file entry.txt (compact mmCIF, C-alpha atoms and all ligand atoms)
# COMPACT_ATOMS: atom_id res chain seq x y z
CA MET G 959 0.00 0.00 0.00
CA LEU G 960 1.24 3.50 -0.70
CA ASN G 961 1.87 5.33 2.57
CA LEU G 962 -0.75 7.70 3.91
CA VAL G 963 0.39 11.07 5.24
CA ASP G 964 -1.33 12.41 8.35
CA ILE G 965 -3.35 15.54 7.71
CA ALA G 966 -4.79 17.99 10.23
CA THR G 967 -8.38 19.22 10.18
CA GLU G 968 -8.75 23.01 10.01
CA PRO G 969 -12.36 24.16 10.38
CA LEU G 970 -13.54 26.55 7.69
CA ASP G 971 -14.86 28.84 10.42
CA ASP G 972 -11.28 29.63 11.47
CA TYR G 973 -10.65 31.22 8.06
CA LEU G 974 -13.81 33.33 7.99
CA PRO G 975 -12.19 36.45 9.52
CA LEU G 976 -9.68 36.43 6.64
CA ILE G 977 -11.99 35.98 3.66
CA ASN G 978 -15.03 37.72 2.22
CA THR G 979 -18.54 36.28 2.30
CA ASP G 980 -18.50 35.41 -1.38
CA GLN G 981 -15.47 33.15 -0.87
CA ALA G 982 -17.01 31.59 2.22
CA ASP G 983 -20.23 30.85 0.30
CA ARG G 984 -18.31 29.31 -2.57
CA LEU G 985 -16.38 27.06 -0.20
CA ARG G 986 -19.59 25.88 1.46
CA ASP G 987 -21.20 25.24 -1.90
CA LEU G 988 -18.19 23.22 -3.09
CA ALA G 989 -18.25 21.18 0.11
CA GLN G 990 -21.84 20.24 -0.73
CA ARG G 991 -21.10 19.40 -4.35
CA LEU G 992 -18.20 17.13 -3.43
CA LYS G 993 -19.80 15.45 -0.45
CA GLY G 994 -19.36 11.69 -0.55
CA TYR G 995 -16.61 11.71 -3.20
CA ARG G 996 -13.39 10.02 -2.19
CA ILE G 997 -10.49 12.28 -3.17
CA LEU G 998 -6.80 11.37 -3.23
CA HIS G 999 -3.68 13.50 -3.65
CA LEU G 1000 -0.52 11.64 -4.53
CA ASN G 1001 3.02 13.00 -4.57
CA ALA G 1002 6.63 12.06 -3.85
CA THR G 1003 7.42 13.53 -0.44
CA PRO G 1004 5.57 14.37 2.78
CA TYR G 1005 8.01 17.18 3.70
CA GLY G 1006 10.42 19.69 2.17
CA GLY G 1007 9.45 22.05 -0.62
CA GLY G 1008 6.34 23.79 -1.79
CA VAL G 1009 4.23 20.83 -2.90
CA SER G 1010 4.15 19.16 0.51
CA GLU G 1011 3.55 22.55 2.10
CA LEU G 1012 0.59 23.18 -0.19
CA LEU G 1013 -0.88 19.73 0.34
CA ARG G 1014 -0.56 19.92 4.11
CA SER G 1015 -2.53 23.14 4.38
CA SER G 1016 -5.02 22.80 1.52
CA LEU G 1017 -6.03 19.29 2.53
CA ALA G 1018 -6.40 20.26 6.19
CA LEU G 1019 -8.92 22.90 5.16
CA GLN G 1020 -10.70 20.45 2.84
CA ARG G 1021 -11.03 17.99 5.71
CA GLY G 1022 -12.30 20.86 7.85
CA MET G 1023 -14.97 21.40 5.19
CA GLY G 1024 -16.08 17.80 5.69
CA LEU G 1025 -14.51 16.36 2.54
CA ASP G 1026 -13.19 12.82 2.32
CA VAL G 1027 -9.63 13.51 1.23
CA ASP G 1028 -6.42 11.49 1.59
CA TRP G 1029 -2.77 12.21 0.88
CA ARG G 1030 -0.46 9.36 -0.09
CA VAL G 1031 3.19 9.32 -1.13
CA ILE G 1032 4.82 7.02 -3.63
CA ALA G 1033 7.76 4.84 -2.62
CA GLY G 1034 11.22 5.20 -4.14
CA GLU G 1035 14.90 4.61 -3.46
CA THR G 1036 17.62 7.22 -3.86
CA LYS G 1037 18.36 6.01 -7.39
CA PHE G 1038 14.77 6.67 -8.47
CA PHE G 1039 14.74 10.14 -6.91
CA GLU G 1040 18.07 10.95 -8.54
CA VAL G 1041 16.43 10.19 -11.88
CA THR G 1042 13.26 12.15 -11.08
CA LYS G 1043 15.35 15.12 -9.95
CA ARG G 1044 17.08 14.98 -13.34
CA PHE G 1045 13.62 14.94 -14.96
CA HIS G 1046 12.60 17.90 -12.81
CA ASN G 1047 15.72 19.85 -13.81
CA ALA G 1048 15.27 18.93 -17.48
CA LEU G 1049 11.63 19.99 -17.47
CA GLN G 1050 12.82 23.35 -16.11
CA GLY G 1051 15.18 23.56 -19.08
CA ALA G 1052 18.43 21.80 -18.07
CA PRO G 1053 20.24 19.81 -20.77
CA TYR G 1054 19.83 16.03 -20.37
CA ASP G 1055 19.96 13.18 -22.85
CA LEU G 1056 17.69 10.78 -20.93
CA PRO G 1057 19.70 7.55 -21.00
CA GLU G 1058 17.95 4.19 -21.31
CA GLU G 1059 18.97 3.28 -17.78
CA ASP G 1060 17.14 6.31 -16.34
CA ARG G 1061 13.99 5.47 -18.31
CA GLU G 1062 14.09 1.95 -16.92
CA THR G 1063 14.63 3.09 -13.32
CA TYR G 1064 11.73 5.49 -13.62
CA LEU G 1065 9.30 3.03 -15.17
CA LEU G 1066 10.28 0.14 -12.92
CA GLN G 1067 9.64 2.11 -9.74
CA ASN G 1068 6.37 3.39 -11.13
CA SER G 1069 5.21 -0.13 -11.97
CA PHE G 1070 6.09 -1.15 -8.43
CA ASN G 1071 4.08 1.77 -7.04
CA ALA G 1072 1.17 0.95 -9.34
CA ARG G 1073 1.05 -2.59 -7.94
CA GLU G 1074 1.12 -1.20 -4.40
CA PHE G 1075 -1.76 1.17 -5.09
CA GLU G 1076 -4.92 -0.70 -4.19
CA SER G 1077 -7.32 1.86 -2.70
CA GLU G 1078 -10.52 3.08 -4.24
CA TYR G 1079 -11.03 6.77 -5.01
CA ASP G 1080 -13.32 8.84 -7.23
CA LEU G 1081 -10.96 11.75 -7.89
CA ILE G 1082 -7.19 11.43 -7.98
CA VAL G 1083 -4.72 14.32 -8.24
CA VAL G 1084 -1.17 13.29 -9.10
CA HIS G 1085 1.48 15.91 -8.40
CA ASP G 1086 4.61 16.55 -10.46
CA PRO G 1087 6.55 14.20 -12.74
CA GLN G 1088 7.60 11.47 -10.31
CA PRO G 1089 4.32 9.43 -10.34
CA VAL G 1090 3.00 10.35 -13.82
CA PRO G 1091 2.88 6.79 -15.30
CA LEU G 1092 0.83 5.52 -12.38
CA LEU G 1093 -2.46 6.09 -14.20
CA ARG G 1094 -1.41 4.02 -17.22
CA MET G 1095 0.18 1.31 -15.09
CA HIS G 1096 -2.57 1.06 -12.50
CA GLY G 1097 -5.55 1.69 -14.78
CA ARG G 1098 -8.06 4.45 -14.19
CA GLY G 1099 -10.59 2.36 -12.26
CA GLY G 1100 -13.73 4.41 -11.77
CA ALA G 1101 -11.82 7.61 -11.04
CA LYS G 1102 -11.16 10.90 -12.79
CA TRP G 1103 -7.43 11.67 -12.84
CA VAL G 1104 -5.75 15.08 -12.74
CA TRP G 1105 -2.05 15.79 -13.26
CA ARG G 1106 -0.88 18.84 -11.33
CA CYS G 1107 2.44 20.21 -12.58
CA HIS G 1108 4.09 22.59 -10.10
CA ILE G 1109 7.26 23.34 -12.02
CA ASP G 1110 8.24 25.91 -14.59
CA THR G 1111 7.81 23.97 -17.83
CA SER G 1112 7.96 27.00 -20.11
CA GLU G 1113 11.14 25.76 -21.82
CA PRO G 1114 11.13 22.02 -21.18
CA ASN G 1115 13.73 19.57 -22.36
CA GLU G 1116 11.88 18.02 -25.31
CA GLU G 1117 13.28 14.55 -24.79
CA VAL G 1118 11.89 14.22 -21.28
CA LEU G 1119 8.62 15.84 -22.24
CA SER G 1120 8.04 13.51 -25.17
CA PHE G 1121 9.00 10.52 -23.03
CA LEU G 1122 6.36 11.52 -20.44
CA LYS G 1123 3.74 12.71 -22.92
CA PRO G 1124 1.97 9.37 -23.58
CA TYR G 1125 1.51 8.98 -19.83
CA ILE G 1126 0.34 12.58 -19.38
CA ASP G 1127 -2.07 12.21 -22.31
CA GLU G 1128 -4.22 9.80 -20.34
CA TYR G 1129 -5.18 12.33 -17.66
CA ASP G 1130 -8.62 13.92 -17.70
CA SER G 1131 -7.26 17.32 -16.81
CA LEU G 1132 -3.89 19.04 -16.41
CA VAL G 1133 -3.18 21.86 -13.97
CA PHE G 1134 -0.39 24.43 -14.33
CA THR G 1135 0.42 27.51 -12.28
CA LEU G 1136 0.68 29.88 -15.23
CA ASP G 1137 -0.37 29.80 -18.88
CA LYS G 1138 3.24 30.30 -19.99
CA PHE G 1139 4.15 26.98 -18.33
CA VAL G 1140 1.83 24.96 -20.57
CA PRO G 1141 4.01 23.20 -23.16
CA ASP G 1142 2.69 23.54 -26.74
CA THR G 1143 2.41 19.80 -27.17
CA LEU G 1144 -0.02 19.57 -24.24
CA ARG G 1145 -2.25 22.51 -25.16
CA ASP G 1146 -5.04 20.38 -26.62
CA HIS G 1147 -5.78 18.90 -23.18
CA HIS G 1148 -8.33 20.15 -20.71
CA ILE G 1149 -6.18 22.61 -18.79
CA ALA G 1150 -6.77 24.57 -15.59
CA LEU G 1151 -4.48 27.38 -14.39
CA ILE G 1152 -4.24 27.51 -10.61
CA PRO G 1153 -1.52 29.39 -8.73
CA PRO G 1154 -0.80 28.07 -5.22
CA GLY G 1155 -1.55 29.88 -1.98
CA ILE G 1156 -0.35 30.03 1.62
CA ASP G 1157 -2.08 29.11 4.84
CA PRO G 1158 -2.25 32.14 7.14
CA LEU G 1159 -3.12 29.91 10.11
CA SER G 1160 -0.22 27.45 9.86
CA PRO G 1161 2.86 27.63 12.13
CA LYS G 1162 4.73 28.78 9.03
CA ASN G 1163 2.62 31.90 8.78
CA PHE G 1164 0.75 32.71 11.99
CA GLU G 1165 1.61 35.86 13.97
CA ILE G 1166 4.64 35.67 16.26
CA PRO G 1167 5.48 38.56 18.61
CA ARG G 1168 8.65 40.51 17.73
CA ASP G 1169 10.31 39.75 21.03
CA LEU G 1170 9.90 36.02 20.53
CA CYS G 1171 11.20 36.38 16.96
CA ARG G 1172 14.37 38.00 18.28
CA ARG G 1173 14.89 35.27 20.86
CA ILE G 1174 14.44 32.52 18.28
CA MET G 1175 16.79 34.22 15.80
CA ALA G 1176 19.41 34.58 18.52
CA TRP G 1177 18.99 30.89 19.32
CA VAL G 1178 19.73 30.02 15.69
CA GLY G 1179 22.92 32.11 15.89
CA VAL G 1180 22.03 35.57 14.63
CA ASP G 1181 23.14 38.77 16.37
CA THR G 1182 19.76 40.50 16.45
CA LYS G 1183 21.34 43.93 16.89
CA ARG G 1184 22.86 43.72 13.42
CA PRO G 1185 21.08 43.70 10.02
CA VAL G 1186 20.02 40.33 8.62
CA LEU G 1187 19.55 39.25 5.02
CA THR G 1188 17.84 35.87 4.63
CA GLN G 1189 17.08 33.32 1.96
CA VAL G 1190 14.90 30.31 2.82
CA SER G 1191 14.94 27.56 0.18
CA ARG G 1192 15.60 23.96 -0.58
CA PHE G 1193 19.31 23.57 -1.39
CA ASP G 1194 18.68 23.45 -5.09
CA PRO G 1195 20.85 24.92 -7.86
CA TRP G 1196 17.77 26.73 -9.27
CA LYS G 1197 17.52 28.70 -6.02
CA ASP G 1198 21.23 29.57 -6.35
CA PRO G 1199 22.29 29.71 -2.68
CA LEU G 1200 25.93 30.13 -3.75
CA GLY G 1201 24.88 33.21 -5.71
CA VAL G 1202 23.20 34.50 -2.57
CA ILE G 1203 26.50 34.22 -0.72
CA ARG G 1204 28.19 36.26 -3.48
CA ILE G 1205 25.49 38.91 -3.26
CA PHE G 1206 25.77 39.02 0.49
CA ARG G 1207 29.51 39.65 0.28
CA GLU G 1208 28.84 42.66 -1.94
CA VAL G 1209 26.14 43.89 0.42
CA ARG G 1210 28.40 43.56 3.45
CA GLU G 1211 30.87 45.97 1.87
CA GLN G 1212 28.21 48.66 2.04
CA VAL G 1213 26.17 47.64 5.06
CA PRO G 1214 28.66 47.11 7.85
CA GLY G 1215 27.72 44.38 10.30
CA ALA G 1216 25.31 42.67 7.89
CA GLN G 1217 24.70 38.96 8.39
CA LEU G 1218 23.33 36.32 6.02
CA ALA G 1219 20.99 33.53 7.14
CA LEU G 1220 20.59 30.66 4.69
CA LEU G 1221 17.78 28.40 5.81
CA GLY G 1222 17.42 25.26 3.75
CA SER G 1223 15.43 22.10 3.93
CA MET G 1224 16.24 18.67 2.65
CA ALA G 1225 13.38 16.84 0.90
CA LEU G 1226 13.01 13.07 0.47
CA ASP G 1227 12.89 13.36 -3.30
CA ASP G 1228 15.90 15.70 -3.62
CA PRO G 1229 19.18 13.77 -3.21
CA GLU G 1230 21.08 16.50 -5.10
CA ALA G 1231 20.65 18.80 -2.10
CA TRP G 1232 23.33 17.03 -0.07
CA ASP G 1233 26.11 17.92 -2.51
CA LEU G 1234 24.97 21.51 -2.68
CA MET G 1235 24.83 21.74 1.10
CA ALA G 1236 28.45 20.56 1.25
CA GLU G 1237 29.42 23.29 -1.24
CA ILE G 1238 27.57 25.93 0.76
CA ARG G 1239 29.31 24.79 3.92
CA GLY G 1240 32.64 25.01 2.11
CA GLU G 1241 31.88 28.63 1.19
CA ALA G 1242 30.44 29.65 4.54
CA ASP G 1243 32.93 27.97 6.88
CA GLY G 1244 35.20 30.51 8.45
CA ASP G 1245 32.81 33.37 7.67
CA ASP G 1246 31.12 34.16 10.97
CA ASP G 1247 28.57 36.43 9.33
CA ILE G 1248 26.95 33.55 7.42
CA ILE G 1249 24.57 31.27 9.28
CA VAL G 1250 23.55 28.05 7.53
CA ALA G 1251 20.67 26.19 9.18
CA THR G 1252 18.54 23.28 8.01
CA ASN G 1253 15.72 21.02 9.11
CA LEU G 1254 18.47 18.59 10.12
CA THR G 1255 19.75 21.09 12.67
CA GLY G 1256 16.36 21.85 14.16
CA ILE G 1257 14.91 24.40 11.72
CA SER G 1258 11.16 23.93 11.63
CA ASN G 1259 8.24 25.92 10.29
CA MET G 1260 8.39 28.23 13.29
CA GLU G 1261 11.98 29.27 12.61
CA VAL G 1262 11.17 29.85 8.95
CA ASN G 1263 8.24 32.00 10.04
CA VAL G 1264 10.50 33.98 12.37
CA PHE G 1265 13.20 34.63 9.76
CA GLN G 1266 10.65 35.67 7.14
CA ARG G 1267 9.01 37.95 9.68
CA ASN G 1268 11.98 39.55 11.34
CA SER G 1269 14.79 39.75 8.76
CA ASP G 1270 15.59 43.20 7.42
CA VAL G 1271 15.40 41.96 3.85
CA VAL G 1272 14.60 38.56 2.37
CA VAL G 1273 16.11 37.54 -0.94
CA GLN G 1274 14.90 34.86 -3.36
CA LYS G 1275 17.52 34.50 -6.04
CA SER G 1276 15.68 31.88 -8.06
CA ILE G 1277 16.79 31.33 -11.64
CA ARG G 1278 13.72 29.16 -12.34
CA GLU G 1279 10.73 28.95 -10.08
CA GLY G 1280 7.38 27.18 -10.47
CA PHE G 1281 5.57 29.55 -8.16
CA GLY G 1282 7.78 30.29 -5.16
CA LEU G 1283 5.49 29.90 -2.16
CA ILE G 1284 8.31 31.41 -0.19
CA VAL G 1285 7.53 34.80 -1.74
CA SER G 1286 3.90 34.91 -0.60
CA GLU G 1287 4.93 33.58 2.80
CA THR G 1288 7.42 36.41 3.23
CA LEU G 1289 5.19 39.16 1.89
CA TRP G 1290 2.32 38.02 4.12
CA LYS G 1291 4.58 38.97 7.02
CA GLY G 1292 5.10 42.43 5.58
CA THR G 1293 8.80 41.86 4.90
CA ALA G 1294 10.27 43.42 1.77
CA MET G 1295 12.08 41.24 -0.75
CA VAL G 1296 14.54 41.30 -3.60
CA ALA G 1297 13.56 38.42 -5.86
CA GLY G 1298 14.44 36.89 -9.20
CA ASN G 1299 12.13 38.02 -11.96
CA THR G 1300 11.25 34.49 -12.99
CA GLY G 1301 8.47 31.87 -13.09
CA GLY G 1302 5.64 32.56 -10.67
CA ILE G 1303 7.47 35.23 -8.68
CA PRO G 1304 6.42 38.35 -10.68
CA ILE G 1305 2.68 37.66 -10.26
CA GLN G 1306 3.23 37.89 -6.52
CA MET G 1307 5.10 41.20 -6.72
CA PRO G 1308 3.31 43.61 -9.06
CA GLU G 1309 5.16 46.91 -9.58
CA GLY G 1310 5.39 48.94 -6.40
CA THR G 1311 4.52 46.07 -4.06
CA GLY G 1312 6.57 43.61 -2.06
CA GLY G 1313 10.03 44.82 -3.05
CA PHE G 1314 12.21 44.64 -6.14
CA LEU G 1315 12.20 42.16 -8.99
CA VAL G 1316 15.61 41.75 -10.57
CA ASP G 1317 17.08 39.59 -13.33
CA PRO G 1318 18.54 36.83 -11.14
CA HIS G 1319 21.71 36.70 -13.24
CA ASP G 1320 22.41 40.36 -12.51
CA GLU G 1321 24.05 39.92 -9.12
CA GLU G 1322 25.33 43.47 -9.01
CA MET G 1323 21.80 44.85 -9.34
CA MET G 1324 20.48 42.37 -6.78
CA ALA G 1325 23.10 43.50 -4.27
CA GLU G 1326 22.34 47.14 -5.05
CA ARG G 1327 18.62 46.63 -4.41
CA VAL G 1328 19.29 44.79 -1.15
CA VAL G 1329 21.49 47.68 0.02
CA GLU G 1330 18.80 50.17 -0.95
CA LEU G 1331 16.23 48.35 1.16
CA MET G 1332 18.62 47.77 4.04
CA ASN G 1333 19.26 51.51 4.21
CA ASP G 1334 15.63 52.61 3.97
CA PRO G 1335 13.33 51.22 6.68
CA GLU G 1336 10.37 53.33 5.53
CA LEU G 1337 10.58 52.02 1.95
CA ARG G 1338 10.81 48.47 3.32
CA ARG G 1339 7.72 49.03 5.42
CA GLN G 1340 5.69 50.48 2.54
CA LEU G 1341 6.63 47.78 0.07
CA GLY G 1342 6.11 45.05 2.65
CA GLU G 1343 2.65 46.30 3.55
CA ALA G 1344 1.60 46.55 -0.09
CA GLY G 1345 2.94 43.01 -0.59
CA ARG G 1346 0.79 41.72 2.24
CA GLU G 1347 -2.32 43.10 0.56
CA VAL G 1348 -1.45 41.39 -2.74
CA VAL G 1349 -1.20 38.10 -0.87
CA ARG G 1350 -4.45 38.72 1.02
CA ASP G 1351 -6.30 39.33 -2.25
CA ASN G 1352 -4.77 36.58 -4.37
CA PHE G 1353 -2.56 34.02 -2.69
CA LEU G 1354 -4.23 32.66 0.41
CA ILE G 1355 -5.01 28.95 0.61
CA THR G 1356 -8.76 29.64 0.59
CA ARG G 1357 -8.61 30.95 -3.00
CA TYR G 1358 -6.46 27.98 -3.98
CA VAL G 1359 -8.91 25.49 -2.46
CA ILE G 1360 -11.82 27.16 -4.29
CA ASP G 1361 -10.01 26.84 -7.64
CA GLU G 1362 -9.00 23.25 -7.05
CA LEU G 1363 -12.41 22.11 -5.82
CA GLU G 1364 -14.16 23.87 -8.73
CA LEU G 1365 -12.05 21.75 -11.05
CA LEU G 1366 -12.76 18.53 -9.15
CA ALA G 1367 -16.48 19.26 -8.84
CA GLY G 1368 -16.60 19.87 -12.59
CA LEU G 1369 -14.92 16.53 -13.30
CA ALA G 1370 -17.13 14.73 -10.80
CA SER G 1371 -20.29 16.08 -12.42
CA GLU G 1372 -19.18 14.71 -15.80
CA GLY G 1373 -19.84 11.27 -14.26
N1 LIG G 1401 10.85 25.53 3.35
C1 LIG G 1401 10.97 25.20 4.69
N2 LIG G 1401 12.21 25.14 5.24
C2 LIG G 1401 13.31 25.43 4.56
C3 LIG G 1401 13.19 25.76 3.16
C4 LIG G 1401 11.94 25.80 2.60
O1 LIG G 1401 9.97 24.96 5.36
O2 LIG G 1401 14.39 25.38 5.12
C5 LIG G 1401 9.51 25.62 2.77
C6 LIG G 1401 9.12 27.04 2.46
O3 LIG G 1401 8.68 27.72 3.62
C7 LIG G 1401 8.04 26.87 1.41
C8 LIG G 1401 8.52 25.64 0.67
O4 LIG G 1401 9.43 24.96 1.53
O5 LIG G 1401 6.80 26.62 2.01
C9 LIG G 1401 9.21 26.00 -0.62
O6 LIG G 1401 8.27 26.23 -1.59
P1 LIG G 1401 8.57 27.03 -2.91
O7 LIG G 1401 7.33 27.01 -3.72
O8 LIG G 1401 9.13 28.37 -2.57
O9 LIG G 1401 9.73 26.23 -3.64
P2 LIG G 1401 9.98 24.66 -3.97
O10 LIG G 1401 10.84 24.16 -2.87
O11 LIG G 1401 8.65 23.99 -4.04
O12 LIG G 1401 10.70 24.68 -5.27
call {"tool": "encode", "arguments": {"input": "entry.txt", "output": "structure tokens"}}
result
Amino acid sequence: MLNLVDIATEPLDDYLPLINTDQADRLRDLAQRLKGYRILHLNATPYGGGVSELLRSSLALQRGMGLDVDWRVIAGETKFFEVTKRFHNALQGAPYDLPEEDRETYLLQNSFNAREFESEYDLIVVHDPQPVPLLRMHGRGGAKWVWRCHIDTSEPNEEVLSFLKPYIDEYDSLVFTLDKFVPDTLRDHHIALIPPGIDPLSPKNFEIPRDLCRRIMAWVGVDTKRPVLTQVSRFDPWKDPLGVIRIFREVREQVPGAQLALLGSMALDDPEAWDLMAEIRGEADGDDDIIVATNLTGISNMEVNVFQRNSDVVVQKSIREGFGLIVSETLWKGTAMVAGNTGGIPIQMPEGTGGFLVDPHDEEMMAERVVELMNDPELRRQLGEAGREVVRDNFLITRYVIDELELLAGLASEG
């Protein structure tokens, strides 16, 4: 059997102070329309990264609405996840010639998972490329199947895409974050565009008093009397943590006493992260102004919350980014950002809100913008506040759940 992940139950009533009556009515209506349907979400990891974050909070709310919803994860050994990480990178545009051995590893593990998958559901949402062939290998049963792609597939490696295409073709509906991520060869499918959202009530995002923030930051190793620049991200080359260190060193020249906090998490399906963490350590060792902290050294959602809330500036130097939940999380806390102008990030930071969007390859400009914000607390406050309003209007989990359930209710009504 594929492992179940425990999900909380968050009552809809708890969200009512944060949403308008129209949204509340739509959520109640969707709960009625989907009553009695058995819904499954399937992905590759229960922790680390945006997909697990999104599932944890959106499914807790759906359970709170009375829906019958499960979350399961596929099984896989390191070798399989090394291959799927190569697929992930290739679908985001990295060169890769897809050797026969990798195809075999991928298909073999998927056929194993398909055999292990015995439960009965009416609506099944499969997330990202790792489990795509499961539908073909398991058979659709009586269910409608959705493939939810979270990554930036605007310039995909054609070899990987055409290898996956026959498996993707069998899905009843495909979901992407942005229209520009929909590959041309998949455009004739039923497609829904649904950007993610953040959960304002989760430990990652709920209010934490300033004083407690300072104590927690000090506990992690920051001198809270000095300025702090932070990036929170999986240790992934697309998030360019080494580039962040270079930027920080420029910033420090102009902002004396500045410190850099690099918070990173390791995900089950991301073996590549270990090598990158070693490289980061190599760079940061001996530099007392750089603090590297991970989930392995006790960094949890609360610490992430604190650093997003209480850093002077948060940077997100992504070169490619599906959505970048991290951006909405940070802006919700009213903290100004300098972020790569890529993937889903710009829709979260319209002009004049949130901070500065910069070409992520232009490290000089990124450093300049960080310095500008570091030196101007009033500008930081204004941009941060405007950013929070953008998130309130567009990127809370309630809006995400409405979009997703509309899609599922539509499929369910097709019979
Ligand atoms: N995250 C975390 N701890 C870390 C690094 C990241 O909890 O040390 C979380 C982060 O708060 C966010 C998610 O992982 O919720 C990252 O999502 P995003 O969409 O930004 O990027 P992804 O990792 O999915 O590419």
call {"tool": "closest_atom_pairs", "arguments": {"input": "entry.txt", "of": "chain G", "to": "ligand LIG 1401 (chain G)", "cutoff": "6 Å", "atoms": "all atoms listed in the file", "output": "CSV"}}
result
residue,atom,partner,partner_atom,distance
G:Gly1006,CA,G:LIG1401,O4,5.4
G:Gly1007,CA,G:LIG1401,O10,3.4
G:Gly1008,CA,G:LIG1401,O6,3.1
G:Val1009,CA,G:LIG1401,O11,5.6
G:Glu1011,CA,G:LIG1401,O5,5.2
G:Val1190,CA,G:LIG1401,C3,4.9
G:Ser1191,CA,G:LIG1401,C3,3.9
G:Arg1192,CA,G:LIG1401,C3,4.8
G:Leu1221,CA,G:LIG1401,O2,4.6
G:Gly1222,CA,G:LIG1401,O2,3.3
G:Ser1223,CA,G:LIG1401,O2,3.6
G:Thr1252,CA,G:LIG1401,O2,5.5
G:Asn1259,CA,G:LIG1401,O1,5.3
G:Phe1281,CA,G:LIG1401,O7,5.4
G:Gly1282,CA,G:LIG1401,O8,3.5
G:Leu1283,CA,G:LIG1401,O7,3.8
G:Ile1284,CA,G:LIG1401,O8,3.9
call {"tool": "atom_distance", "arguments": {"input": "entry.txt", "atom1": "atom CA of Gly1155 of chain G", "atom2": "atom CA of Tyr1358 of chain G"}}
result
5.6 Å
call {"tool": "residues_around", "arguments": {"input": "entry.txt", "residues": "Ile965 of chain G", "least_positions_apart": "2", "cutoff": "12 Å", "atoms": "only C-alpha atoms", "output": "JSON, numbers by chain"}}
result
{"G": [962, 963, 967, 968, 999, 1004, 1010, 1011, 1012, 1013, 1014, 1015, 1016, 1017, 1018, 1019, 1020, 1021, 1022, 1026, 1027, 1028, 1029, 1030]}
call {"tool": "atom_distance", "arguments": {"input": "entry.txt", "atom1": "atom CA of Leu1234 of chain G", "atom2": "atom CA of Gln1274 of chain G"}}
result
16.7 Å
call {"tool": "residues_around", "arguments": {"input": "entry.txt", "residues": "Arg1327 of chain G", "least_positions_apart": "3", "cutoff": "8 Å", "atoms": "all atoms listed in the file", "output": "ChimeraX atom specification"}}
result
/G:1296,1314,1323-1324,1330-1331
call {"tool": "atom_distance", "arguments": {"input": "entry.txt", "atom1": "atom CA of Met1175 of chain G", "atom2": "atom CA of Phe1353 of chain G"}}
result
26.8 Å
call {"tool": "residues_around", "arguments": {"input": "entry.txt", "residues": "Leu1354 of chain G", "least_positions_apart": "4", "cutoff": "8 Å", "atoms": "only C-alpha atoms", "output": "MDAnalysis selection string"}}
result
chainID G and resid 1155:1158 1349:1350 1358
call {"tool": "write_last_selection", "arguments": {"input": "entry.txt", "atoms": "C-alpha atoms", "output": "PDB file, in the coordinates of the input"}}
result
ATOM      1  CA  GLY G1155      -1.550  29.880  -1.980  1.00  0.00           C
ATOM      2  CA  ILE G1156      -0.350  30.030   1.620  1.00  0.00           C
ATOM      3  CA  ASP G1157      -2.080  29.110   4.840  1.00  0.00           C
ATOM      4  CA  PRO G1158      -2.250  32.140   7.140  1.00  0.00           C
ATOM      5  CA  VAL G1349      -1.200  38.100  -0.870  1.00  0.00           C
ATOM      6  CA  ARG G1350      -4.450  38.720   1.020  1.00  0.00           C
ATOM      7  CA  TYR G1358      -6.460  27.980  -3.980  1.00  0.00           C
TER       8      TYR G1358
END
call {"tool": "closest_residue", "arguments": {"input": "entry.txt", "among": "G:Gly1345, G:Ala1225, G:Glu1241, G:Gly1201", "to": "His1319 of chain G", "atoms": "only C-alpha atoms"}}
result
G:Gly1201
call {"tool": "decode", "arguments": {"input": "entry.txt", "residues": "segment 987-999 of chain G", "atoms": "C-alpha atoms", "output": "compact mmCIF listing (two decimals), in the first residue's frame"}}
result
# COMPACT_ATOMS: atom_id res chain seq x y z
CA ASP G 987 -21.20 25.24 -1.90
CA LEU G 988 -18.19 23.22 -3.09
CA ALA G 989 -18.25 21.18 0.11
CA GLN G 990 -21.84 20.24 -0.73
CA ARG G 991 -21.10 19.40 -4.35
CA LEU G 992 -18.20 17.13 -3.43
CA LYS G 993 -19.80 15.45 -0.45
CA GLY G 994 -19.36 11.69 -0.55
CA TYR G 995 -16.61 11.71 -3.20
CA ARG G 996 -13.39 10.02 -2.19
CA ILE G 997 -10.49 12.28 -3.17
CA LEU G 998 -6.80 11.37 -3.23
CA HIS G 999 -3.68 13.50 -3.65
